[in-house]
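Chemist: Just so it is clear, I am handing over target_20.txt, which has compact mmCIF, C-alpha atoms.
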# COMPACT_ATOMS: atom_id res chain seq x y z
CA VAL Y 1 57.28 -0.41 37.70
CA ASP Y 2 57.02 0.35 41.43
CA SER Y 3 55.11 -2.48 43.14
CA ARG Y 4 53.34 0.09 45.28
CA ASP Y 5 52.09 1.87 42.17
CA GLU Y 6 50.75 -1.44 40.90
CA LYS Y 7 48.94 -2.04 44.19
CA VAL Y 8 47.41 1.44 44.09
CA LYS Y 9 46.30 0.84 40.51
CA ALA Y 10 44.77 -2.53 41.45
CA LYS Y 11 42.90 -1.13 44.44
CA ALA Y 12 41.64 1.92 42.51
CA GLU Y 13 40.47 -0.29 39.66
CA ARG Y 14 38.60 -2.57 42.03
CA ILE Y 15 36.86 0.41 43.65
CA ARG Y 16 35.85 1.70 40.22
CA GLU Y 17 34.52 -1.70 39.19
CA LYS Y 18 32.37 -1.92 42.31
CA LEU Y 19 31.02 1.62 41.80
CA ASP Y 20 30.15 0.80 38.17
CA GLU Y 21 28.41 -2.36 39.35
CA LEU Y 22 26.33 -0.47 41.94
CA PHE Y 23 25.69 2.67 39.86
CA PRO Y 24 25.95 1.78 36.16
CA ASN Y 25 23.96 4.84 35.04
CA PRO Y 26 24.60 7.69 37.48
CA PRO Y 27 22.93 11.06 36.84
CA ARG Y 28 25.11 13.70 35.24
CA THR Y 29 24.36 16.15 38.05
CA PHE Y 30 22.23 16.42 41.18
CA LEU Y 31 21.37 20.05 40.39
CA PRO Y 32 19.78 20.34 36.93
CA ALA Y 33 19.76 23.92 35.69
CA ALA Y 34 18.59 25.89 32.65
CA ASN Y 35 21.94 27.58 32.05
CA GLN Y 36 25.40 28.15 33.55
CA TYR Y 37 24.26 31.04 35.73
CA ALA Y 38 21.37 29.05 37.18
CA LEU Y 39 23.77 26.17 37.94
CA LEU Y 40 26.20 28.53 39.67
CA ILE Y 41 23.41 29.88 41.88
CA LYS Y 42 22.12 26.40 42.73
CA VAL Y 43 25.58 25.11 43.65
CA LEU Y 44 26.15 28.17 45.83
CA LEU Y 45 22.83 27.56 47.57
CA SER Y 46 23.64 23.88 48.18
CA ALA Y 47 26.44 24.71 50.64
CA GLN Y 48 25.51 23.30 54.08
CA SER Y 49 22.15 22.26 52.68
CA THR Y 50 20.75 19.43 50.55
CA ASP Y 51 20.19 19.03 46.83
CA VAL Y 52 16.55 18.20 47.54
CA ARG Y 53 15.94 21.55 49.24
CA VAL Y 54 17.78 23.47 46.55
CA ASN Y 55 15.90 21.77 43.71
CA LYS Y 56 12.62 22.44 45.49
CA HIS Y 57 13.08 26.15 46.25
CA ALA Y 58 15.67 27.57 43.83
CA PRO Y 59 13.43 27.45 40.71
CA GLU Y 60 11.26 30.14 42.32
CA ILE Y 61 14.21 32.54 42.13
CA PHE Y 62 14.50 32.14 38.37
CA GLU Y 63 10.74 32.16 37.79
CA LYS Y 64 10.32 35.45 39.66
CA PHE Y 65 13.53 37.31 38.82
CA GLY Y 66 14.92 35.80 35.59
CA THR Y 67 17.72 33.45 34.58
CA THR Y 68 20.52 35.96 33.91
CA PRO Y 69 22.50 38.12 36.36
CA GLY Y 70 21.22 41.29 34.70
CA GLU Y 71 17.58 40.25 35.09
CA LEU Y 72 18.07 39.23 38.69
CA LEU Y 73 19.75 42.53 39.62
CA LYS Y 74 16.93 44.44 37.97
CA ASN Y 75 14.05 42.50 39.53
CA ALA Y 76 15.19 41.16 42.91
CA SER Y 77 15.85 42.76 46.28
CA GLN Y 78 17.70 41.10 49.14
CA PRO Y 79 14.59 40.72 51.34
CA GLU Y 80 12.73 39.04 48.46
CA LEU Y 81 15.63 36.68 47.86
CA GLU Y 82 15.88 35.87 51.55
CA ASP Y 83 12.23 34.83 51.69
CA ILE Y 84 12.84 32.24 48.98
CA VAL Y 85 16.24 31.06 50.24
CA ARG Y 86 15.23 30.76 53.90
CA PRO Y 87 14.06 27.11 53.71
CA ILE Y 88 17.43 26.22 52.12
CA GLY Y 89 19.40 27.78 54.96
CA LEU Y 90 21.83 30.67 55.58
CA ALA Y 91 19.45 32.99 53.74
CA PRO Y 92 21.00 36.42 54.60
CA ARG Y 93 24.54 35.46 53.60
CA LYS Y 94 23.58 33.50 50.49
CA SER Y 95 21.22 36.23 49.28
CA ARG Y 96 23.94 38.88 49.67
CA ASN Y 97 26.39 36.69 47.77
CA ILE Y 98 23.92 36.06 44.93
CA LEU Y 99 23.40 39.80 44.44
CA ALA Y 100 27.10 40.61 44.79
CA LEU Y 101 28.32 37.95 42.35
CA SER Y 102 25.57 38.87 39.88
CA GLU Y 103 26.82 42.46 39.91
CA ILE Y 104 30.41 41.32 39.30
CA LEU Y 105 29.31 39.06 36.45
CA VAL Y 106 27.58 42.00 34.75
CA GLU Y 107 30.39 44.51 35.32
CA LYS Y 108 33.45 42.32 34.83
CA PHE Y 109 32.39 39.31 32.75
CA ASN Y 110 29.77 40.80 30.42
CA GLY Y 111 26.99 38.93 32.18
CA GLN Y 112 28.61 35.52 31.57
CA VAL Y 113 29.81 32.90 34.07
CA PRO Y 114 33.62 32.64 33.79
CA ASN Y 115 35.11 29.29 32.86
CA THR Y 116 38.35 29.31 34.86
CA LEU Y 117 38.89 28.19 38.43
CA GLU Y 118 40.64 31.42 39.36
CA ASP Y 119 37.83 33.67 38.09
CA LEU Y 120 35.11 31.54 39.64
CA GLU Y 121 36.82 31.51 43.04
CA SER Y 122 37.05 35.31 42.91
CA LEU Y 123 33.23 35.55 43.11
CA PRO Y 124 31.53 36.10 46.50
CA GLY Y 125 30.38 32.88 48.12
CA VAL Y 126 32.18 30.67 45.59
CA GLY Y 127 34.79 28.38 47.12
CA HIS Y 128 36.97 25.76 45.50
CA LYS Y 129 34.35 22.99 45.59
CA THR Y 130 31.62 25.20 44.12
CA ALA Y 131 33.95 26.40 41.38
CA SER Y 132 34.98 22.82 40.58
CA VAL Y 133 31.36 21.66 40.30
CA VAL Y 134 30.58 24.55 37.92
CA LEU Y 135 33.63 23.79 35.76
CA LEU Y 136 32.68 20.12 35.63
CA HIS Y 137 28.96 20.41 34.92
CA ALA Y 138 28.62 23.78 33.20
CA PHE Y 139 31.72 23.67 30.99
CA ASP Y 140 32.62 19.95 30.83
CA LYS Y 141 36.10 20.74 32.10
CA PRO Y 142 37.99 18.08 34.09
CA ALA Y 143 37.54 18.59 37.84
CA PHE Y 144 37.15 16.36 40.87
CA PRO Y 145 35.02 18.22 43.44
CA VAL Y 146 35.31 16.75 46.93
CA ASP Y 147 32.29 17.04 49.21
CA THR Y 148 31.84 15.67 52.73
CA HIS Y 149 30.82 12.20 51.45
CA ILE Y 150 33.79 11.84 49.11
CA HIS Y 151 36.23 13.09 51.74
CA ARG Y 152 34.90 10.56 54.26
CA LEU Y 153 35.17 7.63 51.82
CA ALA Y 154 38.65 8.63 50.69
CA CYS Y 155 39.85 8.84 54.29
CA ARG Y 156 38.43 5.40 55.07
CA TRP Y 157 40.06 3.83 52.02
CA GLY Y 158 43.53 5.29 52.60
CA ILE Y 159 43.25 7.78 49.74
CA GLY Y 160 42.30 10.92 51.63
CA ASP Y 161 44.09 13.28 53.96
CA ALA Y 162 42.10 13.74 57.17
CA LYS Y 163 43.53 17.23 57.67
CA SER Y 164 43.08 18.65 54.16
CA VAL Y 165 40.28 18.37 51.62
CA ASP Y 166 42.60 19.91 49.01
CA ARG Y 167 45.18 17.16 49.51
CA THR Y 168 42.39 14.57 49.36
CA GLU Y 169 41.42 15.97 45.96
CA GLU Y 170 45.03 15.78 44.76
CA SER Y 171 45.30 12.20 45.99
CA LEU Y 172 42.06 11.15 44.28
CA LYS Y 173 43.38 12.53 41.00
CA LEU Y 174 46.54 10.43 41.43
CA TRP Y 175 44.62 7.26 42.29
CA PHE Y 176 42.20 7.82 39.40
CA PRO Y 177 44.42 9.60 36.85
CA ASP Y 178 42.11 9.61 33.82
CA PRO Y 179 40.19 12.95 33.83
CA GLN Y 180 37.43 11.58 31.62
CA PHE Y 181 36.17 9.51 34.57
CA TRP Y 182 36.31 12.24 37.25
CA GLY Y 183 32.78 13.51 36.70
CA ARG Y 184 31.29 10.01 36.78
CA LEU Y 185 33.34 9.06 39.87
CA HIS Y 186 32.32 12.27 41.62
CA ILE Y 187 28.63 11.37 41.29
CA GLN Y 188 29.13 7.65 42.03
CA LEU Y 189 31.12 8.35 45.20
CA ILE Y 190 28.45 10.73 46.52
CA LEU Y 191 25.74 8.15 45.82
CA PHE Y 192 27.80 5.45 47.51
CA GLY Y 193 28.39 7.63 50.57
CA ARG Y 194 24.70 8.38 50.88
CA GLU Y 195 23.40 4.86 50.33
CA TYR Y 196 26.09 2.49 51.63
CA CYS Y 197 28.72 4.30 53.68
CA PRO Y 198 27.23 6.58 56.37
CA ALA Y 199 29.34 8.65 58.74
CA THR Y 200 28.03 6.89 61.86
CA ARG Y 201 27.00 3.36 62.84
CA HIS Y 202 28.66 1.97 59.73
CA ASP Y 203 29.22 -1.78 59.43
CA MET Y 204 32.45 -1.92 57.44
CA GLU Y 205 32.39 -5.71 57.24
CA GLU Y 206 29.14 -5.55 55.27
CA CYS Y 207 30.01 -2.46 53.21
CA PRO Y 208 30.48 -3.30 49.50
CA ILE Y 209 33.75 -1.33 49.34
CA CYS Y 210 34.98 -0.72 52.90
CA SER Y 211 35.00 -4.48 53.42
CA PHE Y 212 38.05 -4.72 51.14
CA ALA Y 213 39.29 -1.12 50.76
CA ALA Y 214 39.19 0.37 54.26
CA THR Y 215 42.54 0.47 56.02
CA VAL Y 216 43.33 -1.13 59.36
CA GLU Y 217 43.40 2.33 60.92
CA ALA Y 218 39.95 3.14 59.48
CA PHE Y 219 38.51 -0.09 60.89
CA THR Y 220 40.02 0.69 64.28
CA SER Y 221 38.70 4.25 64.29
CA ASN Y 222 35.23 3.09 63.24
CA ARG Y 223 35.20 0.45 65.99
CA LYS Y 224 36.28 2.90 68.69
CA SER Y 225 33.89 5.71 67.65
CA PRO Y 226 30.81 4.11 66.01
CA ASN Y 227 28.62 7.15 66.69
CA LYS Y 228 31.03 9.71 65.28
CA PHE Y 229 33.17 9.74 62.15
CA VAL Y 230 36.81 10.17 63.11
CA ALA Y 231 39.26 10.01 60.21
CA ALA Y 232 42.56 8.26 60.76
CA THR Y 233 45.42 10.68 60.18
CA LYS Y 234 47.93 8.05 59.04
CA HIS Y 235 47.64 4.79 57.10
CA ARG Y 236 50.54 2.35 57.15
CA SER Y 237 49.34 0.50 54.04
CA PRO Y 238 46.89 2.75 52.16
CA HIS Y 239 47.24 0.69 48.98
CA SER Y 240 46.47 -2.69 50.58
CA ILE Y 241 43.34 -4.69 49.80
CA ARG Y 242 41.84 -6.36 52.85
CA GLU Y 243 41.14 -10.06 52.73
CA THR Y 244 37.44 -10.90 52.87
CA ALA Y 245 35.69 -14.25 52.76
CA GLY Y 246 35.14 -13.80 49.03
CA ASN Y 247 38.81 -13.01 48.38
CA VAL Y 248 40.05 -16.02 50.31
CA LYS Y 249 37.51 -18.32 48.68
CA ARG Y 250 38.69 -17.23 45.21
CA LYS Y 251 42.31 -18.00 46.19
CA LEU Y 252 41.35 -21.43 47.50
CA GLU Y 253 39.41 -22.24 44.34
CA ALA Y 254 42.55 -21.57 42.32
CA VAL Y 255 44.46 -24.24 44.28
CA ASP Y 256 44.67 -27.80 42.90
CA PHE Y 257 42.36 -29.39 45.41
CA PRO Y 258 38.56 -29.39 45.64
CA LEU Y 259 37.03 -26.85 47.99
CA LYS Y 260 34.38 -28.26 50.27
CA GLU Y 261 31.32 -26.25 51.14
CA THR Y 262 32.48 -23.92 53.86
CA LYS Y 263 30.90 -21.15 55.87
CA ASN Y 264 32.18 -17.61 55.34
CA GLU Y 265 33.37 -17.29 58.92
CA ASP Y 266 35.30 -20.56 58.56
CA ILE Y 267 37.02 -19.30 55.41
CA LEU Y 268 38.19 -16.17 57.16
CA ASN Y 269 39.77 -18.27 59.87
CA LEU Y 270 41.69 -20.52 57.46
CA ASN Y 271 45.47 -20.15 57.55
CA LEU Y 272 46.84 -20.19 54.00
CA ASN Y 273 50.43 -20.18 55.24
CA PRO Y 274 50.41 -22.64 58.13
CA ARG Y 275 53.42 -22.80 60.40
CA THR Y 276 54.27 -25.47 62.91
CA PRO Y 277 53.48 -23.97 66.28
CA ARG Y 278 56.38 -23.65 68.65
CA ARG Y 279 56.25 -25.57 71.88
CA SER Y 280 56.00 -23.30 74.81
CA ARG Y 281 58.88 -23.58 77.20
CA ARG Y 282 58.10 -24.23 80.80
CA VAL Y 283 59.96 -22.07 83.23
CA ARG Y 284 60.98 -23.99 86.27
CA ARG Y 285 60.47 -22.19 89.48
CA SER Y 286 63.36 -22.30 91.87
CA LYS Y 287 62.56 -23.99 95.13
Would you write out, as structure tokens, the structure that this file holds?
Modeler:
Amino acid sequence: VDSRDEKVKAKAERIREKLDELFPNPPRTFLPAANQYALLIKVLLSAQSTDVRVNKHAPEIFEKFGTTPGELLKNASQPELEDIVRPIGLAPRKSRNILALSEILVEKFNGQVPNTLEDLESLPGVGHKTASVVLLHAFDKPAFPVDTHIHRLACRWGIGDAKSVDRTEESLKLWFPDPQFWGRLHIQLILFGREYCPATRHDMEECPICSFAATVEAFTSNRKSPNKFVAATKHRSPHSIRETAGNVKRKLEAVDFPLKETKNEDILNLNLNPRTPRRSRRVRRSK
């Protein structure tokens, strides 16, 4: 077995264990919906907005105009939709897309939401992430949607590709190869990004996962630009686990000598592989 593959597996497993510890019972979705169509509309509306806003204002659409594409086309006009969508953001564009995709669903899919990535992405306003979320939560199909939080975390931990969200998604699927966990990980990573790992002014030393999973390049980038998230484009050792005080202490406890009570900062400064320092040579100056 490739030693690098083993290191990737070890790091991924440790990340998963920490996420399970922090979020043992994550919600199934952030956008509860009555049916597949309602979920599709809510996910579309959540683009460049927040789940809180969508959950607050979207129900009015279904209460007024119905919960199927046929009902909505019959009862709603674009100006009426825009009035409801406006607090969510991008009201003109999102309202047009809702009406357009509803018409396609009626004409092409017999009023049903399609259950393939290709068909979903063919609908107006539905990109790859939206389609993946619908597949995952409406049809229980394996998918790993990558939002801004997940992309940021993956880039910090050496998993993501700073230049491509699609390649970040592919990499996440390789690091966490079991599809049955993708939905749970998707939710846990978003929660972790929101609660523990902000884009700016982030203390990586104190972060429950960055403290051991962030790469050297991520630490350097965070230190240089604390007020702006700048993803490192290359990671020399993306699979490495950074030594923390806790890691070193566990190693020392496994050694055959008693460990005295020691401060965390002292542990980090201990040299586990001491070398005899070389004597510096004095260079004689010519007179």
Chemist: Would you please work out which residue, of Y:Ala138, Y:Ala38, Y:Ala131, Y:Ala154, is nearest to Glu63 of chain Y when using all atoms listed in the file?
Modeler: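 Once distances to Glu63 of chain Y are computed over all atoms listed in the file, the minimum belongs to Y:Ala38.
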Chemist: Would you kindly return, as a list of chain:residue names, each protein, DNA or RNA residue with an atom no farther than 7 Å from any atom of Ala214 of chain Y, considering all atoms listed in the file and excluding same-chain residues fewer than 6 positions away?
Modeler: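 Non-adjacent residues within range: Y:Arg156, Y:Trp157, Y:Gly158.
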Chemist: Give me, as JSON lines, the closest atom pair and its distance (Å, one decimal) for every residue of segment 78-136 of chain Y within a cut-off of 8 Å of segment 46-54 of chain Y, counting all atoms listed in the file, rows sorted by chain and rising number.
Modeler:
{"residue": "Y:Pro87", "atom": "CA", "partner": "Y:Arg53", "partner_atom": "CA", "distance": 7.4}
{"residue": "Y:Ile88", "atom": "CA", "partner": "Y:Arg53", "partner_atom": "CA", "distance": 5.7}
{"residue": "Y:Gly89", "atom": "CA", "partner": "Y:Ser49", "partner_atom": "CA", "distance": 6.6}
Chemist: Could the residues of segment 201-220 of chain Y that have an atom at most 9 Å from segment 224-230 of chain Y be listed as CSV, each with its closest atom pair and the distance in Å to one decimal, counting only C-alpha atoms and ordered by chain and ascending residue number?
Modeler:
residue,atom,partner,partner_atom,distance
Y:Arg201,CA,Y:Pro226,CA,5.0
Y:His202,CA,Y:Pro226,CA,7.0
Y:Asp203,CA,Y:Pro226,CA,9.0
Y:Ala218,CA,Y:Val230,CA,8.5
Y:Phe219,CA,Y:Lys224,CA,8.6
Y:Thr220,CA,Y:Lys224,CA,6.2
Chemist: When you look at Thr148 of chain Y with a cut-off of 12 Å (counting all atoms listed in the file), what residues show up, excluding the ones that are within fewer than 3 positions of it in the same chain? I need them as a list in words.
Modeler: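 The residues that qualify are Ala47, Gln48, Ser49, Thr50, Lys129, Pro145, His151, Arg152, Leu153, Ala154, Cys155, Gly160, Ala162, Ser164, Val165, Thr168, Glu169, His186, Leu189, Ile190, Leu191, Gly193, Arg194, Cys197, Pro198, Ala199, Phe229 and Ala231 of chain Y.
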Chemist: For atom CA of Asn115 of chain Y and atom CA of Leu136 of chain Y, determine how far apart the two atoms are, in Å to one decimal place.
Modeler: 9.9 Å
Chemist: For each of Y:Glu60, Y:Gly66, Y:Ala100, Y:Arg184, take the minimum atom-to-atom distance to Gln78 of chain Y, counting only C-alpha atoms, then give the residue where this is smallest.
Modeler: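 Nearest candidate to Gln78 of chain Y out of Y:Glu60, Y:Gly66, Y:Ala100, Y:Arg184: Y:Ala100.
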Chemist: Pick the closest to Phe144 of chain Y from Y:Asp119, Y:Asp161, Y:Asp178, Y:Glu13: which is it, counting all atoms listed in the file?
Modeler: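 Closest to Phe144 of chain Y of all the choices is Y:Asp178.
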Chemist: Would you compute the distance between atom CA of Leu123 of chain Y and atom CA of Leu101 of chain Y? Give it in Å to one decimal.
Modeler: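 So the two atoms, atom CA of Leu123 of chain Y and atom CA of Leu101 of chain Y, lie 5.5 Å apart.
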Chemist: Might you pull out every residue within 10 Å of Lys18 of chain Y, with all atoms listed in the file counted and same-chain residues fewer than 6 positions away left off, and present them as a PyMOL selection string?
Modeler: chain Y and resi 24+208-209
Chemist: May I have the selected residues written with C-alpha atoms, as an mmCIF file, in the coordinates of the input?
Modeler:
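The result, written out as out.cif:
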data_model
loop_
_atom_site.group_PDB
_atom_site.id
_atom_site.type_symbol
_atom_site.label_atom_id
_atom_site.label_comp_id
_atom_site.auth_asym_id
_atom_site.auth_seq_id
_atom_site.Cartn_x
_atom_site.Cartn_y
_atom_site.Cartn_z
ATOM 1 C CA PRO Y 24 25.950 1.780 36.160
ATOM 2 C CA PRO Y 208 30.480 -3.300 49.500
ATOM 3 C CA ILE Y 209 33.750 -1.330 49.340
#
Chemist: Calculate how many Å separate atom CA of Phe176 of chain Y from atom CA of Ala12 of chain Y, rounding to one decimal.
Modeler: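 Atom CA of Phe176 of chain Y sits 6.7 Å away from atom CA of Ala12 of chain Y.
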Chemist: Emit a file covering segment 217-228 of chain Y of the preceding structure with all heavy atoms, as a PDB file, in the first residue's frame.
Modeler:
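The resulting file, out_22.pdb, is shown below:
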ATOM      1  N   GLU Y 217       1.414  25.899   3.987  1.00  0.00           N
ATOM      2  CA  GLU Y 217       1.069  26.991   3.081  1.00  0.00           C
ATOM      3  C   GLU Y 217      -0.197  27.712   3.537  1.00  0.00           C
ATOM      4  O   GLU Y 217      -0.303  28.934   3.418  1.00  0.00           O
ATOM      5  CB  GLU Y 217       0.880  26.456   1.659  1.00  0.00           C
ATOM      6  CG  GLU Y 217       2.154  25.956   1.002  1.00  0.00           C
ATOM      7  CD  GLU Y 217       2.548  24.540   1.442  1.00  0.00           C
ATOM      8  OE1 GLU Y 217       1.780  23.906   2.208  1.00  0.00           O
ATOM      9  OE2 GLU Y 217       3.613  24.085   1.016  1.00  0.00           O
ATOM     10  N   ALA Y 218      -1.162  26.965   4.077  1.00  0.00           N
ATOM     11  CA  ALA Y 218      -2.397  27.578   4.572  1.00  0.00           C
ATOM     12  C   ALA Y 218      -2.119  28.451   5.792  1.00  0.00           C
ATOM     13  O   ALA Y 218      -2.675  29.550   5.920  1.00  0.00           O
ATOM     14  CB  ALA Y 218      -3.419  26.503   4.908  1.00  0.00           C
ATOM     15  N   PHE Y 219      -1.267  27.967   6.695  1.00  0.00           N
ATOM     16  CA  PHE Y 219      -0.882  28.766   7.859  1.00  0.00           C
ATOM     17  C   PHE Y 219      -0.192  30.054   7.423  1.00  0.00           C
ATOM     18  O   PHE Y 219      -0.473  31.136   7.947  1.00  0.00           O
ATOM     19  CB  PHE Y 219       0.047  27.963   8.773  1.00  0.00           C
ATOM     20  CG  PHE Y 219      -0.649  27.258   9.888  1.00  0.00           C
ATOM     21  CD1 PHE Y 219      -1.082  25.951   9.743  1.00  0.00           C
ATOM     22  CD2 PHE Y 219      -0.888  27.899  11.091  1.00  0.00           C
ATOM     23  CE1 PHE Y 219      -1.731  25.289  10.772  1.00  0.00           C
ATOM     24  CE2 PHE Y 219      -1.534  27.255  12.133  1.00  0.00           C
ATOM     25  CZ  PHE Y 219      -1.956  25.935  11.968  1.00  0.00           C
ATOM     26  N   THR Y 220       0.700  29.937   6.449  1.00  0.00           N
ATOM     27  CA  THR Y 220       1.433  31.110   5.966  1.00  0.00           C
ATOM     28  C   THR Y 220       0.478  32.115   5.330  1.00  0.00           C
ATOM     29  O   THR Y 220       0.565  33.321   5.600  1.00  0.00           O
ATOM     30  CB  THR Y 220       2.496  30.685   4.934  1.00  0.00           C
ATOM     31  OG1 THR Y 220       3.384  29.752   5.540  1.00  0.00           O
ATOM     32  CG2 THR Y 220       3.277  31.893   4.448  1.00  0.00           C
ATOM     33  N   SER Y 221      -0.433  31.636   4.503  1.00  0.00           N
ATOM     34  CA  SER Y 221      -1.389  32.518   3.840  1.00  0.00           C
ATOM     35  C   SER Y 221      -2.295  33.209   4.851  1.00  0.00           C
ATOM     36  O   SER Y 221      -2.576  34.411   4.745  1.00  0.00           O
ATOM     37  CB  SER Y 221      -2.240  31.707   2.853  1.00  0.00           C
ATOM     38  OG  SER Y 221      -3.225  32.503   2.256  1.00  0.00           O
ATOM     39  N   ASN Y 222      -2.726  32.457   5.865  1.00  0.00           N
ATOM     40  CA  ASN Y 222      -3.602  33.021   6.899  1.00  0.00           C
ATOM     41  C   ASN Y 222      -2.872  34.084   7.717  1.00  0.00           C
ATOM     42  O   ASN Y 222      -3.460  35.093   8.118  1.00  0.00           O
ATOM     43  CB  ASN Y 222      -4.096  31.899   7.804  1.00  0.00           C
ATOM     44  CG  ASN Y 222      -5.153  32.363   8.791  1.00  0.00           C
ATOM     45  OD1 ASN Y 222      -6.230  32.767   8.414  1.00  0.00           O
ATOM     46  ND2 ASN Y 222      -4.830  32.306  10.075  1.00  0.00           N
ATOM     47  N   ARG Y 223      -1.576  33.855   7.952  1.00  0.00           N
ATOM     48  CA  ARG Y 223      -0.782  34.805   8.729  1.00  0.00           C
ATOM     49  C   ARG Y 223      -0.541  36.099   7.937  1.00  0.00           C
ATOM     50  O   ARG Y 223      -0.587  37.197   8.489  1.00  0.00           O
ATOM     51  CB  ARG Y 223       0.556  34.173   9.107  1.00  0.00           C
ATOM     52  CG  ARG Y 223       1.294  34.886  10.235  1.00  0.00           C
ATOM     53  CD  ARG Y 223       2.571  34.156  10.592  1.00  0.00           C
ATOM     54  NE  ARG Y 223       2.325  32.803  11.046  1.00  0.00           N
ATOM     55  CZ  ARG Y 223       2.704  31.705  10.396  1.00  0.00           C
ATOM     56  NH1 ARG Y 223       3.345  31.811   9.259  1.00  0.00           N
ATOM     57  NH2 ARG Y 223       2.455  30.513  10.887  1.00  0.00           N
ATOM     58  N   LYS Y 224      -0.308  35.963   6.646  1.00  0.00           N
ATOM     59  CA  LYS Y 224      -0.023  37.129   5.816  1.00  0.00           C
ATOM     60  C   LYS Y 224      -1.277  37.952   5.523  1.00  0.00           C
ATOM     61  O   LYS Y 224      -1.212  39.173   5.382  1.00  0.00           O
ATOM     62  CB  LYS Y 224       0.604  36.691   4.491  1.00  0.00           C
ATOM     63  CG  LYS Y 224       2.045  36.218   4.611  1.00  0.00           C
ATOM     64  CD  LYS Y 224       2.603  35.842   3.245  1.00  0.00           C
ATOM     65  CE  LYS Y 224       4.064  35.426   3.334  1.00  0.00           C
ATOM     66  NZ  LYS Y 224       4.595  35.038   2.003  1.00  0.00           N
ATOM     67  N   SER Y 225      -2.438  37.273   5.396  1.00  0.00           N
ATOM     68  CA  SER Y 225      -3.681  37.975   5.034  1.00  0.00           C
ATOM     69  C   SER Y 225      -4.783  37.614   6.020  1.00  0.00           C
ATOM     70  O   SER Y 225      -5.733  36.898   5.677  1.00  0.00           O
ATOM     71  CB  SER Y 225      -4.102  37.609   3.607  1.00  0.00           C
ATOM     72  OG  SER Y 225      -3.065  37.848   2.693  1.00  0.00           O
ATOM     73  N   PRO Y 226      -4.693  38.076   7.281  1.00  0.00           N
ATOM     74  CA  PRO Y 226      -5.692  37.698   8.291  1.00  0.00           C
ATOM     75  C   PRO Y 226      -7.088  38.248   8.010  1.00  0.00           C
ATOM     76  O   PRO Y 226      -8.073  37.691   8.487  1.00  0.00           O
ATOM     77  CB  PRO Y 226      -5.114  38.278   9.584  1.00  0.00           C
ATOM     78  CG  PRO Y 226      -4.252  39.410   9.140  1.00  0.00           C
ATOM     79  CD  PRO Y 226      -3.670  38.980   7.833  1.00  0.00           C
ATOM     80  N   ASN Y 227      -7.168  39.340   7.260  1.00  0.00           N
ATOM     81  CA  ASN Y 227      -8.464  39.979   7.011  1.00  0.00           C
ATOM     82  C   ASN Y 227      -9.084  39.575   5.678  1.00  0.00           C
ATOM     83  O   ASN Y 227     -10.106  40.113   5.273  1.00  0.00           O
ATOM     84  CB  ASN Y 227      -8.314  41.501   7.046  1.00  0.00           C
ATOM     85  CG  ASN Y 227      -7.868  41.982   8.408  1.00  0.00           C
ATOM     86  OD1 ASN Y 227      -8.346  41.501   9.435  1.00  0.00           O
ATOM     87  ND2 ASN Y 227      -6.943  42.919   8.440  1.00  0.00           N
ATOM     88  N   LYS Y 228      -8.462  38.611   4.997  1.00  0.00           N
ATOM     89  CA  LYS Y 228      -8.975  38.175   3.709  1.00  0.00           C
ATOM     90  C   LYS Y 228      -8.556  36.737   3.475  1.00  0.00           C
ATOM     91  O   LYS Y 228      -7.385  36.398   3.631  1.00  0.00           O
ATOM     92  CB  LYS Y 228      -8.448  39.074   2.585  1.00  0.00           C
ATOM     93  CG  LYS Y 228      -8.932  38.695   1.195  1.00  0.00           C
ATOM     94  CD  LYS Y 228      -8.306  39.595   0.146  1.00  0.00           C
ATOM     95  CE  LYS Y 228      -8.759  39.215  -1.261  1.00  0.00           C
ATOM     96  NZ  LYS Y 228      -8.125  40.055  -2.293  1.00  0.00           N
TER      97      LYS Y 228
END
